[in-house]
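*Asks:* Just one file: model_12.pdb, with PDB, C-alpha atoms and all ligand atoms.
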```pdb
ATOM      1  CA  MET A 506      58.336 -76.323 -38.058
ATOM      2  CA  ASN A 507      60.299 -77.277 -35.026
ATOM      3  CA  PRO A 508      59.325 -74.644 -32.454
ATOM      4  CA  PHE A 509      62.381 -75.415 -30.360
ATOM      5  CA  ASN A 510      65.730 -73.840 -30.713
ATOM      6  CA  VAL A 511      67.854 -76.757 -29.597
ATOM      7  CA  VAL A 512      71.150 -75.565 -28.190
ATOM      8  CA  HIS A 513      72.332 -78.813 -26.731
ATOM      9  CA  SER A 514      71.151 -82.362 -26.827
ATOM     10  CA  ALA A 515      72.625 -85.766 -26.381
ATOM     11  CA  TRP A 516      73.016 -86.256 -30.112
ATOM     12  CA  ALA A 517      73.746 -82.718 -31.252
ATOM     13  CA  SER A 518      76.990 -81.273 -30.054
ATOM     14  CA  LEU A 519      77.015 -77.922 -28.299
ATOM     15  CA  ALA A 520      75.639 -75.591 -30.917
ATOM     16  CA  GLU A 521      75.160 -71.870 -30.560
ATOM     17  CA  PRO A 522      71.564 -70.736 -30.355
ATOM     18  CA  ARG A 523      70.157 -69.221 -33.546
ATOM     19  CA  PRO A 524      70.624 -65.461 -33.576
ATOM     20  CA  THR A 525      67.673 -64.198 -31.604
ATOM     21  CA  LYS A 526      65.646 -61.062 -31.789
ATOM     22  CA  ILE A 527      66.148 -59.828 -28.249
ATOM     23  CA  ASP A 528      62.647 -58.338 -28.063
ATOM     24  CA  ALA A 529      60.853 -61.536 -28.975
ATOM     25  CA  MET A 530      62.934 -64.199 -27.267
ATOM     26  CA  LEU A 531      61.826 -65.871 -24.078
ATOM     27  CA  ALA A 532      64.314 -64.289 -21.684
ATOM     28  CA  GLN A 533      65.940 -65.304 -18.420
ATOM     29  CA  ARG A 534      64.679 -63.573 -15.309
ATOM     30  CA  THR A 535      66.197 -62.152 -12.182
ATOM     31  CA  LEU A 536      65.033 -59.545  -9.647
ATOM     32  CA  LYS A 537      65.031 -55.793 -10.192
ATOM     33  CA  SER A 538      66.127 -55.015  -6.635
ATOM     34  CA  ILE A 539      67.145 -56.555  -3.329
ATOM     35  CA  SER A 540      64.546 -58.144  -1.092
ATOM     36  CA  LYS A 541      64.877 -59.368   2.511
ATOM     37  CA  ALA A 542      62.980 -61.597   4.890
ATOM     38  CA  VAL A 543      63.488 -62.727   8.473
ATOM     39  CA  GLY A 544      61.973 -65.832   9.996
ATOM     40  CA  VAL A 545      62.728 -69.070  11.815
ATOM     41  CA  GLY A 546      63.787 -72.455  10.486
ATOM     42  CA  LEU A 547      61.061 -75.114  10.737
ATOM     43  CA  HIS A 548      63.358 -77.798  12.099
ATOM     44  CA  SER A 549      66.138 -75.773  13.749
ATOM     45  CA  GLY A 550      63.868 -73.114  15.268
ATOM     46  CA  GLN A 551      66.809 -70.767  14.556
ATOM     47  CA  ARG A 552      66.308 -67.139  13.513
ATOM     48  CA  VAL A 553      67.438 -66.646   9.935
ATOM     49  CA  GLU A 554      67.763 -63.737   7.530
ATOM     50  CA  LEU A 555      67.334 -64.155   3.804
ATOM     51  CA  THR A 556      68.566 -61.540   1.326
ATOM     52  CA  LEU A 557      67.661 -62.015  -2.345
ATOM     53  CA  ARG A 558      69.939 -60.249  -4.803
ATOM     54  CA  PRO A 559      69.815 -59.955  -8.610
ATOM     55  CA  ALA A 560      72.336 -62.091 -10.537
ATOM     56  CA  GLN A 561      73.784 -62.007 -14.057
ATOM     57  CA  PRO A 562      72.347 -64.219 -16.837
ATOM     58  CA  ASP A 563      73.383 -67.891 -16.580
ATOM     59  CA  THR A 564      74.300 -67.588 -12.883
ATOM     60  CA  GLY A 565      71.444 -69.856 -11.843
ATOM     61  CA  ILE A 566      70.169 -69.790  -8.276
ATOM     62  CA  VAL A 567      73.001 -69.721  -5.759
ATOM     63  CA  PHE A 568      72.545 -69.938  -1.998
ATOM     64  CA  ARG A 569      75.332 -68.227  -0.061
ATOM     65  CA  ARG A 570      75.959 -69.041   3.597
ATOM     66  CA  VAL A 571      77.002 -65.583   4.759
ATOM     67  CA  ASP A 572      77.229 -66.573   8.442
ATOM     68  CA  LEU A 573      80.277 -68.819   7.956
ATOM     69  CA  PRO A 574      83.768 -67.385   8.610
ATOM     70  CA  GLN A 575      84.325 -67.565   4.832
ATOM     71  CA  PRO A 576      81.023 -67.261   2.924
ATOM     72  CA  VAL A 577      80.320 -70.442   0.927
ATOM     73  CA  ASP A 578      78.290 -70.562  -2.292
ATOM     74  CA  ILE A 579      75.935 -73.500  -2.795
ATOM     75  CA  PRO A 580      74.641 -73.444  -6.372
ATOM     76  CA  ILE A 581      71.430 -75.420  -6.836
ATOM     77  CA  ASN A 582      71.873 -78.657  -8.713
ATOM     78  CA  ALA A 583      70.124 -82.034  -8.514
ATOM     79  CA  LEU A 584      73.397 -83.616  -7.414
ATOM     80  CA  ALA A 585      73.907 -81.010  -4.664
ATOM     81  CA  VAL A 586      70.881 -82.482  -2.856
ATOM     82  CA  THR A 587      72.437 -84.478  -0.019
ATOM     83  CA  ASP A 588      69.563 -85.139   2.364
ATOM     84  CA  THR A 589      65.874 -85.636   1.637
ATOM     85  CA  ARG A 590      64.563 -86.731   5.028
ATOM     86  CA  LEU A 591      61.696 -84.364   5.975
ATOM     87  CA  ALA A 592      62.970 -81.627   3.603
ATOM     88  CA  SER A 593      65.386 -81.072   0.720
ATOM     89  CA  THR A 594      68.912 -80.115   1.778
ATOM     90  CA  ILE A 595      71.608 -78.886  -0.596
ATOM     91  CA  SER A 596      75.329 -78.875   0.190
ATOM     92  CA  ASN A 597      78.696 -77.754  -0.986
ATOM     93  CA  GLY A 598      81.305 -79.564   1.085
ATOM     94  CA  SER A 599      80.295 -79.188   4.719
ATOM     95  CA  ALA A 600      78.168 -76.078   4.050
ATOM     96  CA  LYS A 601      74.459 -76.892   3.907
ATOM     97  CA  VAL A 602      71.088 -75.248   3.459
ATOM     98  CA  HIS A 603      68.051 -77.201   4.645
ATOM     99  CA  THR A 604      64.391 -76.924   3.591
ATOM    100  CA  VAL A 605      64.924 -75.174   0.248
ATOM    101  CA  GLU A 606      61.823 -76.623  -1.453
ATOM    102  CA  HIS A 607      59.179 -73.957  -0.726
ATOM    103  CA  PHE A 608      61.496 -71.153  -1.768
ATOM    104  CA  MET A 609      62.487 -73.070  -4.912
ATOM    105  CA  SER A 610      58.817 -73.668  -5.673
ATOM    106  CA  ALA A 611      58.164 -69.903  -5.665
ATOM    107  CA  CYS A 612      61.150 -69.427  -8.019
ATOM    108  CA  ALA A 613      59.751 -72.130 -10.336
ATOM    109  CA  GLY A 614      56.262 -70.630 -10.207
ATOM    110  CA  LEU A 615      57.505 -67.141 -11.095
ATOM    111  CA  GLY A 616      60.155 -68.369 -13.536
ATOM    112  CA  ILE A 617      63.197 -66.881 -11.751
ATOM    113  CA  ASP A 618      66.439 -68.142 -13.328
ATOM    114  CA  ASN A 619      69.210 -66.121 -11.697
ATOM    115  CA  LEU A 620      69.439 -65.130  -8.081
ATOM    116  CA  TYR A 621      71.777 -64.938  -5.102
ATOM    117  CA  VAL A 622      70.153 -66.064  -1.898
ATOM    118  CA  ASP A 623      72.247 -64.898   1.040
ATOM    119  CA  ILE A 624      71.277 -66.844   4.120
ATOM    120  CA  SER A 625      72.458 -66.321   7.706
ATOM    121  CA  ALA A 626      71.863 -69.858   9.035
ATOM    122  CA  GLU A 627      71.577 -73.374   7.699
ATOM    123  CA  GLU A 628      67.813 -73.485   7.149
ATOM    124  CA  VAL A 629      65.491 -71.418   4.943
ATOM    125  CA  PRO A 630      62.843 -69.702   7.108
ATOM    126  CA  ILE A 631      59.500 -71.502   7.117
ATOM    127  CA  LEU A 632      57.458 -68.240   7.215
ATOM    128  CA  ASP A 633      53.807 -69.317   6.850
ATOM    129  CA  GLY A 634      54.615 -72.911   5.767
ATOM    130  CA  SER A 635      53.701 -72.291   2.126
ATOM    131  CA  ALA A 636      55.406 -70.541  -0.807
ATOM    132  CA  ALA A 637      53.127 -67.487  -0.626
ATOM    133  CA  SER A 638      55.538 -65.322   1.390
ATOM    134  CA  PHE A 639      58.364 -66.116  -1.028
ATOM    135  CA  VAL A 640      56.150 -65.237  -3.995
ATOM    136  CA  PHE A 641      55.356 -61.925  -2.315
ATOM    137  CA  LEU A 642      59.048 -61.311  -1.570
ATOM    138  CA  LEU A 643      60.096 -62.022  -5.165
ATOM    139  CA  GLN A 644      57.295 -59.969  -6.652
ATOM    140  CA  SER A 645      57.926 -56.982  -4.387
ATOM    141  CA  ALA A 646      61.517 -56.857  -5.641
ATOM    142  CA  GLY A 647      60.197 -56.752  -9.223
ATOM    143  CA  ILE A 648      61.083 -59.235 -11.959
ATOM    144  CA  GLU A 649      63.678 -58.188 -14.519
ATOM    145  CA  LEU A 650      63.905 -59.737 -18.012
ATOM    146  CA  GLN A 651      67.543 -60.325 -19.032
ATOM    147  CA  ARG A 652      69.314 -60.289 -22.386
ATOM    148  CA  ALA A 653      69.812 -64.050 -22.542
ATOM    149  CA  PRO A 654      67.478 -66.816 -23.670
ATOM    150  CA  ARG A 655      65.805 -68.968 -21.030
ATOM    151  CA  ARG A 656      67.061 -72.559 -21.308
ATOM    152  CA  PHE A 657      64.509 -75.297 -20.785
ATOM    153  CA  MET A 658      65.053 -78.977 -20.216
ATOM    154  CA  ARG A 659      62.637 -80.625 -22.599
ATOM    155  CA  ILE A 660      61.745 -84.236 -21.857
ATOM    156  CA  VAL A 661      61.697 -86.355 -25.007
ATOM    157  CA  LYS A 662      61.406 -89.855 -23.475
ATOM    158  CA  PRO A 663      59.572 -91.020 -20.355
ATOM    159  CA  VAL A 664      61.628 -91.365 -17.181
ATOM    160  CA  GLU A 665      60.247 -93.140 -14.124
ATOM    161  CA  VAL A 666      61.372 -94.137 -10.643
ATOM    162  CA  ARG A 667      59.575 -96.500  -8.259
ATOM    163  CA  GLU A 668      59.928 -97.629  -4.709
ATOM    164  CA  GLY A 669      58.248-100.260  -2.532
ATOM    165  CA  GLN A 670      55.741-103.023  -3.237
ATOM    166  CA  GLY A 671      51.972-103.386  -2.909
ATOM    167  CA  ALA A 672      50.439-100.835  -0.545
ATOM    168  CA  GLN A 673      53.878 -99.324  -0.029
ATOM    169  CA  THR A 674      54.343 -98.478  -3.718
ATOM    170  CA  LYS A 675      55.442 -94.958  -4.621
ATOM    171  CA  TRP A 676      56.381 -93.649  -8.013
ATOM    172  CA  ALA A 677      57.184 -90.480  -9.924
ATOM    173  CA  ARG A 678      57.620 -89.968 -13.657
ATOM    174  CA  LEU A 679      58.227 -87.394 -16.377
ATOM    175  CA  ASP A 680      56.645 -87.655 -19.810
ATOM    176  CA  PRO A 681      57.074 -85.461 -22.903
ATOM    177  CA  TYR A 682      54.668 -82.490 -22.910
ATOM    178  CA  HIS A 683      54.744 -79.109 -24.636
ATOM    179  CA  GLY A 684      54.436 -77.131 -21.420
ATOM    180  CA  TYR A 685      54.684 -78.033 -17.759
ATOM    181  CA  LYS A 686      51.994 -79.826 -15.835
ATOM    182  CA  LEU A 687      52.000 -81.819 -12.648
ATOM    183  CA  SER A 688      49.574 -84.355 -11.284
ATOM    184  CA  PHE A 689      49.904 -85.792  -7.833
ATOM    185  CA  GLU A 690      48.010 -88.376  -5.849
ATOM    186  CA  ILE A 691      48.369 -88.960  -2.139
ATOM    187  CA  ASP A 692      46.927 -91.816  -0.141
ATOM    188  CA  PHE A 693      46.688 -90.724   3.476
ATOM    189  CA  ASP A 694      44.479 -92.806   5.653
ATOM    190  CA  HIS A 695      43.375 -89.999   7.945
ATOM    191  CA  PRO A 696      39.818 -88.678   8.422
ATOM    192  CA  ALA A 697      40.826 -85.025   7.824
ATOM    193  CA  VAL A 698      42.705 -85.847   4.622
ATOM    194  CA  ASP A 699      40.266 -88.508   3.389
ATOM    195  CA  SER A 700      37.501 -85.943   3.288
ATOM    196  CA  THR A 701      39.521 -83.691   0.953
ATOM    197  CA  GLY A 702      40.707 -84.187  -2.607
ATOM    198  CA  GLN A 703      43.641 -86.612  -2.721
ATOM    199  CA  ARG A 704      44.512 -86.047  -6.355
ATOM    200  CA  VAL A 705      45.153 -82.787  -8.162
ATOM    201  CA  GLU A 706      46.519 -81.634 -11.482
ATOM    202  CA  PHE A 707      48.102 -78.258 -12.118
ATOM    203  CA  ASP A 708      49.161 -76.853 -15.490
ATOM    204  CA  MET A 709      51.487 -73.836 -15.686
ATOM    205  CA  SER A 710      49.512 -72.645 -18.711
ATOM    206  CA  SER A 711      46.725 -71.664 -16.295
ATOM    207  CA  GLY A 712      48.956 -68.852 -15.021
ATOM    208  CA  SER A 713      47.500 -69.456 -11.566
ATOM    209  CA  TYR A 714      50.454 -70.773  -9.538
ATOM    210  CA  SER A 715      50.328 -67.876  -7.051
ATOM    211  CA  ARG A 716      46.608 -68.177  -6.510
ATOM    212  CA  ASP A 717      46.056 -71.932  -6.674
ATOM    213  CA  ILE A 718      49.261 -73.607  -5.440
ATOM    214  CA  ALA A 719      51.573 -71.185  -3.615
ATOM    215  CA  ARG A 720      49.320 -70.769  -0.562
ATOM    216  CA  ALA A 721      49.109 -74.492   0.285
ATOM    217  CA  ARG A 722      50.815 -75.099   3.646
ATOM    218  CA  THR A 723      52.932 -77.970   4.815
ATOM    219  CA  PHE A 724      51.169 -80.359   7.180
ATOM    220  CA  GLY A 725      51.956 -82.657  10.054
ATOM    221  CA  PHE A 726      50.450 -84.835  12.740
ATOM    222  CA  THR A 727      50.763 -84.044  16.443
ATOM    223  CA  ARG A 728      52.117 -87.542  17.167
ATOM    224  CA  ASP A 729      54.937 -87.033  14.632
ATOM    225  CA  VAL A 730      55.620 -83.504  15.853
ATOM    226  CA  GLU A 731      56.124 -84.800  19.389
ATOM    227  CA  MET A 732      58.510 -87.461  18.138
ATOM    228  CA  MET A 733      60.383 -84.972  15.937
ATOM    229  CA  ARG A 734      60.761 -82.497  18.812
ATOM    230  CA  ALA A 735      62.202 -85.251  20.990
ATOM    231  CA  ASN A 736      64.816 -85.606  18.229
ATOM    232  CA  GLY A 737      65.477 -81.873  18.024
ATOM    233  CA  LEU A 738      63.381 -81.359  14.858
ATOM    234  CA  ALA A 739      60.294 -79.264  14.041
ATOM    235  CA  LEU A 740      61.416 -76.851  16.775
ATOM    236  CA  GLY A 741      60.135 -73.855  14.787
ATOM    237  CA  GLY A 742      56.897 -75.561  13.728
ATOM    238  CA  GLY A 743      53.458 -74.629  14.974
ATOM    239  CA  LEU A 744      49.919 -73.703  14.028
ATOM    240  CA  ASP A 745      51.066 -70.480  12.353
ATOM    241  CA  ASN A 746      53.279 -72.272   9.813
ATOM    242  CA  ALA A 747      51.699 -75.693   9.250
ATOM    243  CA  ILE A 748      48.401 -77.509   9.122
ATOM    244  CA  VAL A 749      48.520 -79.609  12.273
ATOM    245  CA  MET A 750      46.264 -82.621  12.796
ATOM    246  CA  ASP A 751      45.596 -84.928  15.715
ATOM    247  CA  ASP A 752      44.279 -88.429  14.981
ATOM    248  CA  TYR A 753      40.902 -87.088  13.852
ATOM    249  CA  LYS A 754      40.905 -83.495  12.708
ATOM    250  CA  VAL A 755      42.701 -80.321  11.683
ATOM    251  CA  LEU A 756      43.607 -78.299  14.782
ATOM    252  CA  ASN A 757      44.127 -74.912  13.075
ATOM    253  CA  ALA A 758      41.217 -72.669  14.086
ATOM    254  CA  GLU A 759      41.073 -71.062  10.626
ATOM    255  CA  GLY A 760      40.723 -74.447   8.870
ATOM    256  CA  LEU A 761      42.100 -75.066   5.375
ATOM    257  CA  ARG A 762      43.048 -72.525   2.698
ATOM    258  CA  TYR A 763      41.937 -74.854  -0.125
ATOM    259  CA  ASP A 764      39.613 -77.862   0.034
ATOM    260  CA  ASP A 765      42.503 -79.943  -1.309
ATOM    261  CA  GLU A 766      45.325 -78.088   0.465
ATOM    262  CA  PHE A 767      47.222 -81.301   1.393
ATOM    263  CA  VAL A 768      47.714 -82.614  -2.123
ATOM    264  CA  LYS A 769      48.270 -79.080  -3.447
ATOM    265  CA  HIS A 770      51.157 -78.749  -1.017
ATOM    266  CA  LYS A 771      52.620 -81.924  -2.530
ATOM    267  CA  ILE A 772      52.481 -80.220  -5.967
ATOM    268  CA  LEU A 773      54.139 -77.143  -4.424
ATOM    269  CA  ASP A 774      56.903 -79.341  -2.953
ATOM    270  CA  ALA A 775      57.382 -81.250  -6.219
ATOM    271  CA  MET A 776      57.750 -77.996  -8.172
ATOM    272  CA  GLY A 777      60.454 -76.898  -5.713
ATOM    273  CA  ASP A 778      62.239 -80.261  -5.686
ATOM    274  CA  LEU A 779      62.221 -80.492  -9.495
ATOM    275  CA  TYR A 780      63.463 -76.929  -9.975
ATOM    276  CA  LEU A 781      66.652 -77.975  -8.157
ATOM    277  CA  ILE A 782      67.748 -79.394 -11.512
ATOM    278  CA  GLY A 783      68.538 -75.765 -12.348
ATOM    279  CA  LYS A 784      66.309 -75.319 -15.394
ATOM    280  CA  PRO A 785      62.589 -75.202 -16.025
ATOM    281  CA  LEU A 786      61.244 -78.509 -17.313
ATOM    282  CA  LEU A 787      59.013 -78.981 -20.315
ATOM    283  CA  ALA A 788      57.304 -82.142 -19.159
ATOM    284  CA  ALA A 789      54.282 -83.764 -17.626
ATOM    285  CA  TYR A 790      55.203 -84.860 -14.100
ATOM    286  CA  SER A 791      52.993 -87.391 -12.403
ATOM    287  CA  ALA A 792      53.444 -88.976  -9.028
ATOM    288  CA  PHE A 793      51.832 -91.285  -6.543
ATOM    289  CA  ARG A 794      52.862 -90.850  -2.874
ATOM    290  CA  SER A 795      56.179 -89.329  -3.931
ATOM    291  CA  GLY A 796      58.255 -87.096  -1.694
ATOM    292  CA  HIS A 797      61.555 -85.226  -1.592
ATOM    293  CA  ALA A 798      63.668 -88.409  -1.841
ATOM    294  CA  LEU A 799      61.868 -89.902  -4.828
ATOM    295  CA  ASN A 800      61.635 -86.516  -6.584
ATOM    296  CA  ASN A 801      65.402 -86.186  -6.348
ATOM    297  CA  ARG A 802      65.896 -89.763  -7.543
ATOM    298  CA  LEU A 803      63.761 -88.883 -10.559
ATOM    299  CA  LEU A 804      66.088 -85.951 -11.394
ATOM    300  CA  ARG A 805      69.174 -88.138 -11.005
ATOM    301  CA  GLU A 806      67.608 -90.785 -13.242
ATOM    302  CA  LEU A 807      66.857 -88.083 -15.825
ATOM    303  CA  LEU A 808      70.436 -86.769 -15.739
ATOM    304  CA  SER A 809      71.761 -90.297 -16.228
ATOM    305  CA  ARG A 810      69.656 -90.626 -19.399
ATOM    306  CA  PRO A 811      70.936 -87.934 -21.810
ATOM    307  CA  ASP A 812      68.739 -89.473 -24.544
ATOM    308  CA  ALA A 813      65.647 -88.551 -22.514
ATOM    309  CA  TYR A 814      66.037 -84.763 -22.700
ATOM    310  CA  GLU A 815      67.364 -81.856 -24.682
ATOM    311  CA  ILE A 816      68.037 -78.216 -23.833
ATOM    312  CA  VAL A 817      65.921 -75.763 -25.818
ATOM    313  CA  THR A 818      65.373 -72.001 -26.018
ATOM    314  CA  PHE A 819      62.630 -69.994 -27.719
ATOM    315  CA  ALA A 820      63.775 -67.327 -30.147
ATOM    316  CA  ASP A 821      60.170 -66.214 -30.417
ATOM    317  CA  ASP A 822      58.181 -66.316 -27.211
ATOM    318  CA  LYS A 823      55.012 -66.928 -29.229
ATOM    319  CA  GLU A 824      56.310 -70.444 -29.777
ATOM    320  CA  ALA A 825      56.836 -71.066 -26.068
ATOM    321  CA  PRO A 826      54.195 -73.006 -24.161
ATOM    322  CA  LYS A 827      51.497 -70.842 -22.640
ATOM    323  CA  GLY A 828      52.283 -69.714 -19.114
ATOM    324  CA  PHE A 829      56.006 -69.259 -19.698
ATOM    325  CA  ALA A 830      56.094 -66.213 -21.953
ATOM    326  CA  GLN A 831      54.455 -63.690 -19.650
ATOM    327  CA  PRO A 832      56.067 -62.682 -16.378
ATOM    328  CA  ALA A 833      53.984 -64.408 -13.736
ATOM    329  CA  ARG A 834      50.809 -62.678 -12.673
ATOM    330  CA  ALA A 835      50.336 -61.473  -9.154
ATOM    331  CA  TRP A 836      47.527 -62.991  -7.142
TER     332      TRP A 836
HETATM  333 ZN    ZN B   1      56.648 -78.765   1.835
END
```
Kindly present the structure from the file in structure tokens form.

*Replies:*
Amino acid sequence: MNPFNVVHSAWASLAEPRPTKIDAMLAQRTLKSISKAVGVGLHSGQRVELTLRPAQPDTGIVFRRVDLPQPVDIPINALAVTDTRLASTISNGSAKVHTVEHFMSACAGLGIDNLYVDISAEEVPILDGSAASFVFLLQSAGIELQRAPRRFMRIVKPVEVREGQGAQTKWARLDPYHGYKLSFEIDFDHPAVDSTGQRVEFDMSSGSYSRDIARARTFGFTRDVEMMRANGLALGGGLDNAIVMDDYKVLNAEGLRYDDEFVKHKILDAMGDLYLIGKPLLAAYSAFRSGHALNNRLLRELLSRPDAYEIVTFADDKEAPKGFAQPARAW
């Protein structure tokens, strides 16, 4: 039996979902209440307030710049990503929000579909440099199941993007998989990174996003930080929101949170970048030295290949891949 309830695909016209038993279907999720955070932007160093508000089914995740004379909504969308240098930026006209990836990763990890994210400046606060604070923020508001089926983007044909030659090669790809798993390999020639795992695989069916991925912090090198600061970037960055390394070692007194924290952060970033497509993927993602730019190119390539995916729902959550049916576990 086909476990998928296909509501739209390249070859089937827009069909209504089968009538669903509300109790059993895999439902969309929003928050039960409002949640707020205050922090600074990693690059801008600006103070910023974030207010997360519940949203109706099928709203998606919508950032709202509430500091502008007229508030501007910026719905997430792979094509709304306009800058991928250092971080993922989304735009609507001249209104922008920078560094959305860690927040989006937490939303992907907890399976949040619908949310308003009111933001008082143009960069998401960096908080502790990982997605852990966002996970905490979302979970403290409580997760509400909604009376609408969750729509997944199911990959049915491989999609791949590549860049560079020889030692400069980078690639990222999506393959069909009944579930969602990610494998990432980095290749940093640095003593502190070399001594840690440079490849990791994470499967959502483990139910351990919050524990195993969300706490991995962003990282940087002092020489780059100095150069970025000279260019007005990384102004909010420091040892309390990033792993910082000189040419030889990690400078943070507390050391690493995971033995393979670097590559785990790349998985965290990829989950955030990929969730900008606006729907959870059913796919196996694999990547070598990818980053925000290539991850977004992969989404654009996918969208340009309607034969490579279909939109599915699950009328019975028992047929959904493991890890998606239950509201995400806390730590
Ligand atoms: Zn990151």

*Asks:* For this structure, which residues satisfy the selection - the PyMOL selection byres (((chain A and resi 722-738) around 9) and not hetatm) - when it is evaluated on the file as given? I want them as a VMD selection string.

*Replies:* chain A and resid 547 to 550 633 to 636 719 to 721 739 to 742 746 to 752 761 to 762 766 to 767 769 to 771 773 to 774

*Asks:* Rank A:Phe568, A:Tyr814, A:Phe608, A:Tyr621 by their smallest atom-to-atom distance to Ser538 in chain A, using only C-alpha atoms, and report the top residue only.

*Replies:*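 Of A:Phe568, A:Tyr814, A:Phe608, A:Tyr621, the one nearest Ser538 in chain A is A:Tyr621, counting only C-alpha atoms.
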
*Asks:* Spell out the residues picked by the PyMOL selection byres (((chain A and resi 790) around 8) and not hetatm) here, as an MDAnalysis selection string.

*Replies:* chainID A and resid 677:680 685:688 788:789 791:792

*Asks:* Could you write out the selected residues, including C-alpha atoms, as a PDB file, in the coordinates of the input?

*Replies:*
```
ATOM      1  CA  ALA A 677      57.184 -90.480  -9.924  1.00  0.00           C
ATOM      2  CA  ARG A 678      57.620 -89.968 -13.657  1.00  0.00           C
ATOM      3  CA  LEU A 679      58.227 -87.394 -16.377  1.00  0.00           C
ATOM      4  CA  ASP A 680      56.645 -87.655 -19.810  1.00  0.00           C
ATOM      5  CA  TYR A 685      54.684 -78.033 -17.759  1.00  0.00           C
ATOM      6  CA  LYS A 686      51.994 -79.826 -15.835  1.00  0.00           C
ATOM      7  CA  LEU A 687      52.000 -81.819 -12.648  1.00  0.00           C
ATOM      8  CA  SER A 688      49.574 -84.355 -11.284  1.00  0.00           C
ATOM      9  CA  ALA A 788      57.304 -82.142 -19.159  1.00  0.00           C
ATOM     10  CA  ALA A 789      54.282 -83.764 -17.626  1.00  0.00           C
ATOM     11  CA  SER A 791      52.993 -87.391 -12.403  1.00  0.00           C
ATOM     12  CA  ALA A 792      53.444 -88.976  -9.028  1.00  0.00           C
TER      13      ALA A 792
END
```

*Asks:* Could you state the separation of CA of Tyr780 in chain A and CA of Ser593 in chain A in Å, given to one decimal place?

*Replies:* 11.6 Å

*Asks:* Which residues, named as in the file, does the PyMOL selection byres (((chain A and resi 663-674) around 9) and not hetatm) pick out? Answer as a list of chain:residue names.

*Replies:*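 That selection, the PyMOL selection byres (((chain A and resi 663-674) around 9) and not hetatm), comes back as A:Ile660, A:Val661, A:Lys662, A:Lys675, A:Trp676, A:Ala677, A:Arg678, A:Leu679, A:Asp680, A:Pro681, A:Phe793, A:Arg794, A:Leu799, A:Asn800, A:Arg802, A:Leu803, A:Glu806, A:Leu807, A:Arg810, A:Ala813.
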
*Asks:* What is the CA of Asn757 in chain A-CA of Pro696 in chain A distance in Å, reported with one decimal?

*Replies:* 15.2 Å

*Asks:* Could you check the closest approach to ligand ZN 1 (chain B) for each of A:Pro811, A:Pro826, A:Pro785, A:Gly777 and tell me which residue wins, using all atoms listed in the file?

*Replies:*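 Checking each of A:Pro811, A:Pro826, A:Pro785, A:Gly777 against ligand ZN 1 (chain B), counting all atoms listed in the file, the winner is A:Gly777.
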
*Asks:* Residues within 9 Å of Cys612 in chain A, please, as a PyMOL selection string. Count only C-alpha atoms; anything in the same chain fewer than 3 positions from it doesn't count.

*Replies:* chain A and resi 607-609+615-618+639-640+643+777+780

*Asks:* Given the choices A:Glu606, A:Glu759, A:Asp765, A:Asp572, which gets closest to ligand ZN 1 (chain B) if the distance is worked out from all atoms listed in the file?

*Replies:*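 That would be A:Glu606, the residue with the smallest distance to ligand ZN 1 (chain B).
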
*Asks:* I'd like the interatomic distance between CA of Asp822 in chain A and CA of Leu787 in chain A, to a tenth of an Å.

*Replies:*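 CA of Asp822 in chain A sits 14.4 Å away from CA of Leu787 in chain A.
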
*Asks:* From the set A:Ile539, A:Val586, A:Ile631, A:Ala798, which residue has the shortest atom-to-atom contact distance to ligand ZN 1 (chain B), counting only C-alpha atoms and all ligand atoms?

*Replies:* A:Ile631

*Asks:* Could you check the closest approach to ligand ZN 1 (chain B) for each of A:Arg552, A:Arg716, A:His797, A:His695 and tell me which residue wins, using all atoms listed in the file?

*Replies:*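 Ranked by minimum distance to ligand ZN 1 (chain B), first place goes to A:His797.
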
*Asks:* Ala532 in chain A: which residues within 6 Å, counting only C-alpha atoms, same-chain residues fewer than 4 positions away excluded, as a ChimeraX atom specification?

*Replies:* /A:650-651,653-655

*Asks:* Nearest to Gly565 in chain A: which of A:Asp821, A:Asp692, A:Asp578, A:Asp717 is it, counting all atoms listed in the file?

*Replies:*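 Nearest to Gly565 in chain A: A:Asp578.
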
*Asks:* For Leu786 in chain A, find every residue with an atom within 6 Å (counting all atoms listed in the file), except residues of its own chain fewer than 5 positions away, and show them as number ranges by chain.

*Replies:* A: 657-659

*Asks:* Counting only C-alpha atoms, which residues have an atom no more than 10 Å from (59.4, -71.0, -26.8) in the file's coordinates? Please list them as a ChimeraX atom specification.

*Replies:* /A:508-510,529-532,654-657,683-684,817-827,829-830

*Asks:* Pull the neighbourhood of (79.8, -79.9, 7.2) for me: all residues within 12 Å in file coordinates, counting only C-alpha atoms, as a PyMOL selection string.

*Replies:* chain A and resi 573+577+587+595-602+627
